[in-house]
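See below for the structure under consideration.
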Amino acid sequence: MRRGRSAGLLNLHLGLVFLFLYGPILVLVALSFNRAGLPTAWTGFSFRWYEALARNASIHHAVGNTIIVAFASTLIATAIGTLLAIGVERGRGSPALDAILFAPMIIPDIVLAIALLSFFSMLKMTLGLHSIVLAHVVFNIAFVAAVVRTRLKHFDWSVVEASADLGASAFTTFRLVTLPIIFPGVLAAALLAFTLSVDEFIIAYFTSGAGPASTTFPMRIYSMIRFGVTPEINAVATIVMGVSFSLVLVAQRLLGARDRA
Amino acid sequence: MTPTIRRAALMAPGLGWLALFLLVPCLLVLGLSFFERGVYGGIDYIFTFENYRRAVDPLYRSILLNSAWIAFLATLVSALIGYPAAYAIVKAPERWQSALLVLIMLPFWSNYLIRTYAWIVLLNREGLINRALAGLGATEPLPLLYNDFAIVLGLVYGYLPFMVLAIYASLSRLDPALLEQSADLGASPVSTFLRITLPLTLPGVAAGSVFVFVLSIGNFITPDLLGGGRRVMVGNLIYKQFLAARDWPFGSALAFLLIAIMMLLLLTQALLVRRSGGERPA
């Protein structure tokens with residue numbers, strides 16, 4: 001009997017944790033359809049905040065910038081992060097390499113942000129979307145390498161050797177043997193990298209330079225929250241959460257049940 | 001090509017990128033932290049320890065200590081909430097476990113700004129929680145927002161997934177035979193938990209704690225939005241030195257202190273893992 005009750009308590013606790021994680025997000029989703037837009041009262045279902053968003057040109061511009069940055073940084077990070085993962089996994093494990101690959105994930109955003117700002121300004125580089133891309137690749141390499149490495153943990157390297165024995169060049173082997181096998185992992189890594197880049201705020205803020213030309217979507221979201229909340233933000237939140245969650249769920253699906261989470 | 005050269009060639013672009021855009025900038029920050037601030041906000045290349053001395057004088061020391069305290073509270077609360085949650089997932093039927101873990105991690109992959117904003121909606125004076133309390137007969141709205149409570153809550157909300165994941169990784173590697181033997185020898189479930197499960201999964205708790213603590217102490221968004229700028233943490237202080245005060249050397253010294261704390265904790269954790277028999281958490 002005691003066992004059953006403690007299992008029940010544990011499951012109740014887990015349920016509350018999920019409520020804690022998802023409740024606030026669901027509140028925003030509900031508010032985005034509230035005619036009044038404010039949490040004070042429900043005044044009826046409406047799409048008016050989504051319509052306001054559809055007419056907001058400065059947000060469209062920021063979304064465009066974010067997509068450019070996310071595409072570019074994902075492309076670069078996926079390519080070199082995948083190669084990096086293969087290189088690391090082919091050798092014996094090295095704690096130093098693990099630490100180097102862990103650092104970009106755990107270093108506080110603000111520290112990376114000011115370090116890159118100092119670096120770029122020392123080089124007298126003009127800042128803009130390109131400098132945000134350079135910065136976003138840093139953390140995305142680490143995440144791509146981590147995801148591809150979990151995929152490679154179950155990789156049978158003898159197929160690569162067999163291909164080489166049969167006379168295939170290293171590049172042909174990579175293209176026809178290694179890549180097809182790990183491709184779902186690579187695609188999942190790319191989707192996750194894209195999501196991280198789309199949502200990243202502080203590093204982009206510091207490395208974008210002044211001026212609205214290189215304002216990204218999270219920078220717009222920040223100023224919406226910080227300087228006068230408009231109900232449009234709930235619609236923004238709902239769309240952003242929807243897109244992020246979908247991308248991540250597709251990525252998890254690609255990674256398959258065995259390598260999940 | 002020999003295997004070693006091929007391996008090096010595969011890793012070169014990635015490691016090169018990290019060297020150029022992570023290592024060099026961090027070393028630059030270290031270098032800047034030993035220079036003087038110029039009259040017009042530039043940098044005078046005169047060697048000095050002044051920035052570090054300033055970082056520990058009472059005004060700034062209290063901000064550093066307050067940040068560490070808040071990060072510690074967030075870590076503690078995350079561990080207390082995260083451990084039983086991870087335990088519940090390990091005990092769940094195996095076919096559900098990966099789905100449950102995905103659900104735990106899903107919020108992490110989404111927009112941190114928006115997740116933080118959600119708490120402004122819930123916690124403010126006119127917010128949903130105060131309205132609900134008023135509906136229950138409370139006369140005064142509770143001051144839930146713009147204080148340490150809100151900051152800790154926001155940090156736990158943001159980083160709890162890491163804690164659950166790290167503890168889960170540790171728990172799922174625990175040998176069930178150990179627990180059975182303990183029970184066979186007459187130990188109660190509570191004493192089995194306290195004397196076997198908990199000690200063997202402490203490396204997981206440590207891994208999760210390092211993550212939560214480091215991400216919390218250097219956080220900028222949460223104290224900015226949920227602390228309302230009234231409670232300043234190191235992250236906000238660094239932000240100000242770079243964008244408002246134009247004192248890059250002092251900001252660099254603060255940033256380097258954060259890097260040093262991070263490295264110290266990672267090192268401690270690595271030693272802890274090695275001592276506990278090479279088990280690699282998360």
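The chains in the structure tokens are called A, B, ... from first to last as shown; in each chain the residues are counted from 1, and the ligands are counted from 1 in the order shown.
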
I'd like the contact shell of stretch 10-13 of chain A - 12 Å cut-off, only C-alpha atoms, skipping same-chain residues fewer than 2 positions apart - returned as a ChimeraX atom specification. /A:3-8,15-20 /B:80-93,100

Extract, using only C-alpha atoms, all DNA, RNA and protein residues at most 10 Å from A:Gly87, discarding same-chain residues fewer than 5 positions from it, and format them as a list in words.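 What passes the distance filter is Gly81, Thr82 and Arg149 of chain A; Pro3, Thr4, Arg6, Arg7, Ala8, Ala9, Leu10, Met11, Ala12 and Gly14 of chain B.
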
Which residues are close to stretch 228-242 of chain B, i.e. within 7 Å by only C-alpha atoms, leaving aside same-chain residues fewer than 6 positions away? Reply as a ChimeraX atom specification. /A:110 /B:63-64,67,146-147,218-220,248,250-251,254-255

Within 7 Å of chain B, which residues of chain A come that close, and what is the closest atom pair and distance in Å for each? Count only C-alpha atoms and give it as a Markdown table.
```
| residue | atom | partner | partner_atom | distance |
| --- | --- | --- | --- | --- |
| A:Leu10 | CA | B:Ala88 | CA | 5.3 |
| A:Asn11 | CA | B:Ala88 | CA | 5.9 |
| A:His13 | CA | B:Ala85 | CA | 6.5 |
| A:Leu14 | CA | B:Ala85 | CA | 5.0 |
| A:Leu21 | CA | B:Tyr157 | CA | 6.8 |
| A:Pro24 | CA | B:Ala118 | CA | 5.5 |
| A:Ile25 | CA | B:Ala118 | CA | 6.5 |
| A:Leu28 | CA | B:Ala118 | CA | 6.5 |
| A:Pro39 | CA | B:Leu128 | CA | 6.7 |
| A:Ile80 | CA | B:Gly14 | CA | 5.2 |
| A:Gly81 | CA | B:Gly14 | CA | 5.9 |
| A:Leu83 | CA | B:Leu10 | CA | 5.1 |
| A:Leu84 | CA | B:Met11 | CA | 4.3 |
| A:Gly87 | CA | B:Arg7 | CA | 4.8 |
| A:Ile106 | CA | B:Leu215 | CA | 6.7 |
| A:Pro108 | CA | B:Gly218 | CA | 5.2 |
| A:Ile110 | CA | B:Gly235 | CA | 6.4 |
| A:Val111 | CA | B:Ala255 | CA | 5.6 |
| A:Ala115 | CA | B:Pro25 | CA | 4.9 |
| A:Leu116 | CA | B:Pro25 | CA | 5.7 |
| A:Phe119 | CA | B:Pro25 | CA | 5.4 |
| A:Val138 | CA | B:Leu18 | CA | 6.1 |
| A:Ile141 | CA | B:Gly14 | CA | 6.9 |
| A:Thr195 | CA | B:Trp109 | CA | 6.9 |
| A:Leu196 | CA | B:Trp109 | CA | 6.6 |
| A:Asp199 | CA | B:Asn111 | CA | 5.0 |
| A:Tyr222 | CA | B:Leu113 | CA | 6.9 |
| A:Ile225 | CA | B:Tyr117 | CA | 6.9 |
| A:Ala237 | CA | B:Ile114 | CA | 6.0 |
| A:Met241 | CA | B:Ser110 | CA | 6.2 |
| A:Ser244 | CA | B:Ser110 | CA | 5.4 |
| A:Phe245 | CA | B:Leu106 | CA | 6.7 |
| A:Ala257 | CA | B:Ser98 | CA | 6.7 |
| A:Arg260 | CA | B:Ser98 | CA | 6.0 |
| A:Ala261 | CA | B:Val102 | CA | 5.3 |
```

Kindly export the residues of the current selection with N, CA, C and O atoms, as a CSV table (one decimal), in the first residue's frame.
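Result file is result-v1.csv:
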```
chain,number,residue,atom,x,y,z
A,10,LEU,N,4.6,10.8,-6.2
A,10,LEU,CA,5.6,11.2,-7.2
A,10,LEU,C,5.0,11.6,-8.5
A,10,LEU,O,5.4,12.6,-9.1
A,11,ASN,N,4.0,10.9,-8.9
A,11,ASN,CA,3.3,11.2,-10.2
A,11,ASN,C,2.6,12.6,-10.1
A,11,ASN,O,2.5,13.4,-11.0
A,13,HIS,N,3.5,15.0,-8.2
A,13,HIS,CA,4.6,16.0,-8.2
A,13,HIS,C,5.0,16.3,-9.7
A,13,HIS,O,5.1,17.4,-10.1
A,14,LEU,N,5.2,15.2,-10.5
A,14,LEU,CA,5.5,15.4,-11.9
A,14,LEU,C,4.5,16.1,-12.6
A,14,LEU,O,4.8,17.0,-13.4
A,21,LEU,N,5.6,24.2,-15.8
A,21,LEU,CA,6.4,24.5,-17.0
A,21,LEU,C,5.5,25.0,-18.2
A,21,LEU,O,5.8,25.9,-18.9
A,24,PRO,N,2.1,28.8,-17.6
A,24,PRO,CA,2.3,30.2,-18.0
A,24,PRO,C,2.3,30.4,-19.5
A,24,PRO,O,1.7,31.4,-20.0
A,25,ILE,N,2.8,29.4,-20.3
A,25,ILE,CA,2.7,29.5,-21.7
A,25,ILE,C,1.3,29.5,-22.2
A,25,ILE,O,0.9,30.2,-23.1
A,28,LEU,N,-0.5,32.7,-21.9
A,28,LEU,CA,-0.3,33.7,-23.0
A,28,LEU,C,-1.1,33.3,-24.3
A,28,LEU,O,-1.6,34.2,-24.9
A,39,PRO,N,-5.1,40.7,-19.3
A,39,PRO,CA,-5.6,39.5,-18.5
A,39,PRO,C,-6.7,39.9,-17.5
A,39,PRO,O,-7.1,39.1,-16.7
A,80,ILE,N,30.3,22.6,-40.0
A,80,ILE,CA,31.5,22.4,-39.3
A,80,ILE,C,31.3,21.6,-38.0
A,80,ILE,O,32.2,20.9,-37.5
A,81,GLY,N,30.1,21.8,-37.4
A,81,GLY,CA,29.8,21.0,-36.1
A,81,GLY,C,29.7,19.5,-36.4
A,81,GLY,O,30.1,18.7,-35.6
A,83,LEU,N,31.3,17.8,-38.9
A,83,LEU,CA,32.7,17.3,-39.1
A,83,LEU,C,33.4,17.2,-37.7
A,83,LEU,O,34.1,16.2,-37.5
A,84,LEU,N,33.2,18.2,-36.9
A,84,LEU,CA,33.8,18.2,-35.6
A,84,LEU,C,33.4,17.0,-34.8
A,84,LEU,O,34.2,16.3,-34.2
A,87,GLY,N,35.1,13.9,-36.1
A,87,GLY,CA,36.5,13.9,-35.7
A,87,GLY,C,36.6,13.5,-34.2
A,87,GLY,O,37.5,12.6,-33.9
A,106,ILE,N,27.6,26.6,-21.7
A,106,ILE,CA,27.4,27.0,-20.3
A,106,ILE,C,27.9,28.4,-20.1
A,106,ILE,O,27.5,29.0,-19.1
A,108,PRO,N,27.9,32.2,-19.6
A,108,PRO,CA,26.8,33.1,-19.6
A,108,PRO,C,26.7,33.9,-20.9
A,108,PRO,O,27.7,34.4,-21.4
A,110,ILE,N,25.8,36.9,-21.5
A,110,ILE,CA,26.3,38.2,-21.4
A,110,ILE,C,27.8,38.3,-21.5
A,110,ILE,O,28.3,39.2,-22.1
A,111,VAL,N,28.5,37.2,-21.0
A,111,VAL,CA,29.9,37.2,-21.1
A,111,VAL,C,30.4,37.0,-22.6
A,111,VAL,O,31.2,37.7,-23.1
A,115,ALA,N,32.4,39.8,-24.8
A,115,ALA,CA,33.7,39.3,-25.3
A,115,ALA,C,33.7,39.5,-26.8
A,115,ALA,O,34.7,40.0,-27.3
A,116,LEU,N,32.6,39.2,-27.5
A,116,LEU,CA,32.6,39.3,-28.9
A,116,LEU,C,32.5,40.8,-29.3
A,116,LEU,O,33.2,41.2,-30.3
A,119,PHE,N,36.0,42.1,-29.0
A,119,PHE,CA,36.8,41.5,-30.1
A,119,PHE,C,36.5,42.2,-31.4
A,119,PHE,O,37.4,42.7,-32.1
A,138,VAL,N,29.1,30.3,-32.8
A,138,VAL,CA,29.9,29.8,-31.7
A,138,VAL,C,29.1,28.8,-30.8
A,138,VAL,O,29.5,27.7,-30.6
A,141,ILE,N,27.7,25.6,-32.9
A,141,ILE,CA,28.7,24.5,-33.2
A,141,ILE,C,28.6,23.5,-32.0
A,141,ILE,O,28.5,22.3,-32.2
A,195,THR,N,16.5,26.9,-34.1
A,195,THR,CA,15.6,27.3,-33.0
A,195,THR,C,16.4,28.2,-32.1
A,195,THR,O,15.9,29.3,-31.6
A,196,LEU,N,17.6,27.8,-31.7
A,196,LEU,CA,18.3,28.5,-30.7
A,196,LEU,C,18.7,29.9,-31.3
A,196,LEU,O,18.6,30.9,-30.6
A,199,ASP,N,15.8,32.4,-31.3
A,199,ASP,CA,15.3,32.9,-30.0
A,199,ASP,C,16.4,33.6,-29.3
A,199,ASP,O,16.1,34.2,-28.2
A,222,TYR,N,12.0,42.1,-26.9
A,222,TYR,CA,12.5,42.7,-25.7
A,222,TYR,C,12.0,44.1,-25.5
A,222,TYR,O,11.5,44.4,-24.4
A,225,ILE,N,8.4,44.1,-24.5
A,225,ILE,CA,8.2,43.7,-23.1
A,225,ILE,C,8.7,44.9,-22.1
A,225,ILE,O,8.0,45.2,-21.2
A,237,ALA,N,4.0,35.8,-28.9
A,237,ALA,CA,4.5,34.7,-28.0
A,237,ALA,C,3.9,33.4,-28.6
A,237,ALA,O,4.6,32.4,-28.6
A,241,MET,N,6.3,30.4,-29.8
A,241,MET,CA,6.2,29.1,-29.1
A,241,MET,C,5.8,28.0,-30.0
A,241,MET,O,6.4,26.9,-30.0
A,244,SER,N,8.7,27.2,-32.4
A,244,SER,CA,9.8,26.5,-31.7
A,244,SER,C,9.5,25.1,-31.3
A,244,SER,O,10.2,24.2,-31.6
A,245,PHE,N,8.3,24.9,-30.7
A,245,PHE,CA,7.9,23.6,-30.3
A,245,PHE,C,7.8,22.7,-31.5
A,245,PHE,O,8.2,21.5,-31.4
A,257,ALA,N,13.6,7.3,-30.9
A,257,ALA,CA,13.3,7.0,-29.5
A,257,ALA,C,14.5,6.8,-28.7
A,257,ALA,O,14.6,7.2,-27.6
A,260,ARG,N,16.6,10.1,-27.6
A,260,ARG,CA,15.8,11.3,-27.3
A,260,ARG,C,16.4,12.1,-26.1
A,260,ARG,O,17.0,11.5,-25.3
A,261,ALA,N,16.0,13.3,-26.1
A,261,ALA,CA,16.2,14.3,-25.0
A,261,ALA,C,17.6,14.6,-24.7
A,261,ALA,O,18.5,14.1,-25.2
```

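Distance check against A:Ala72 using only C-alpha atoms: of A:Ser246, A:Ser214, A:Ala189, A:Val137, the minimum falls on A:Val137.
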
If DSSP is run on the backbone, what residues of stretch 83-185 of chain A are alpha helix (DSSP H)? A reply as a PyMOL selection string would be ideal. chain A and resi 83-90+95-106+109-122+129-152+158-165+170-173+179-185

Kindly give the distance, in Å, that separates atom CA of B:Val273 and atom CA of B:Leu185, rounded to a single decimal. 28.1 Å

Report as a short mmCIF file (atom, residue, chain, number, x, y, z; two decimals) with N, CA, C and O atoms, in the first residue's frame all protein, DNA and RNA residues lying within 8 Å of A:Met219, evaluated on only C-alpha atoms, omitting residues in the same chain fewer than 2 positions from it.
```cif
data_model
loop_
_atom_site.label_atom_id
_atom_site.label_comp_id
_atom_site.auth_asym_id
_atom_site.auth_seq_id
_atom_site.Cartn_x
_atom_site.Cartn_y
_atom_site.Cartn_z
N PHE A 201 18.77 36.40 -27.83
CA PHE A 201 18.61 37.85 -27.72
C PHE A 201 19.89 38.61 -27.38
O PHE A 201 20.32 39.49 -28.13
N ALA A 204 22.96 38.67 -29.82
CA ALA A 204 22.58 39.41 -31.02
C ALA A 204 22.53 40.91 -30.73
O ALA A 204 23.00 41.73 -31.52
N TYR A 205 22.00 41.26 -29.57
CA TYR A 205 21.85 42.66 -29.20
C TYR A 205 23.20 43.37 -29.15
O TYR A 205 23.35 44.49 -29.63
N THR A 215 18.12 45.06 -36.47
CA THR A 215 17.32 44.62 -35.33
C THR A 215 16.74 43.24 -35.62
O THR A 215 16.16 43.03 -36.67
N THR A 216 16.92 42.31 -34.66
CA THR A 216 16.33 40.99 -34.86
C THR A 216 15.01 40.88 -34.08
O THR A 216 14.69 41.73 -33.26
N PHE A 217 14.31 39.81 -34.36
CA PHE A 217 12.98 39.61 -33.76
C PHE A 217 13.02 39.59 -32.23
O PHE A 217 12.24 40.32 -31.59
N ILE A 221 11.05 41.88 -29.52
CA ILE A 221 10.26 41.33 -28.42
C ILE A 221 10.70 41.96 -27.09
O ILE A 221 9.87 42.37 -26.28
N TYR A 222 12.02 42.07 -26.92
CA TYR A 222 12.54 42.66 -25.68
C TYR A 222 12.02 44.07 -25.50
O TYR A 222 11.53 44.43 -24.42
N SER A 223 12.07 44.89 -26.55
CA SER A 223 11.61 46.26 -26.35
C SER A 223 10.10 46.31 -26.16
O SER A 223 9.58 47.18 -25.45
#
```

Pairwise distance for atom CA of A:Gly185 and atom CA of A:Thr74, rounded to one decimal in Å: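 A separation of 14.1 Å between them.
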
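Put simply, atom CA of A:Glu200 is 20.6 Å away from atom CA of A:Thr126.
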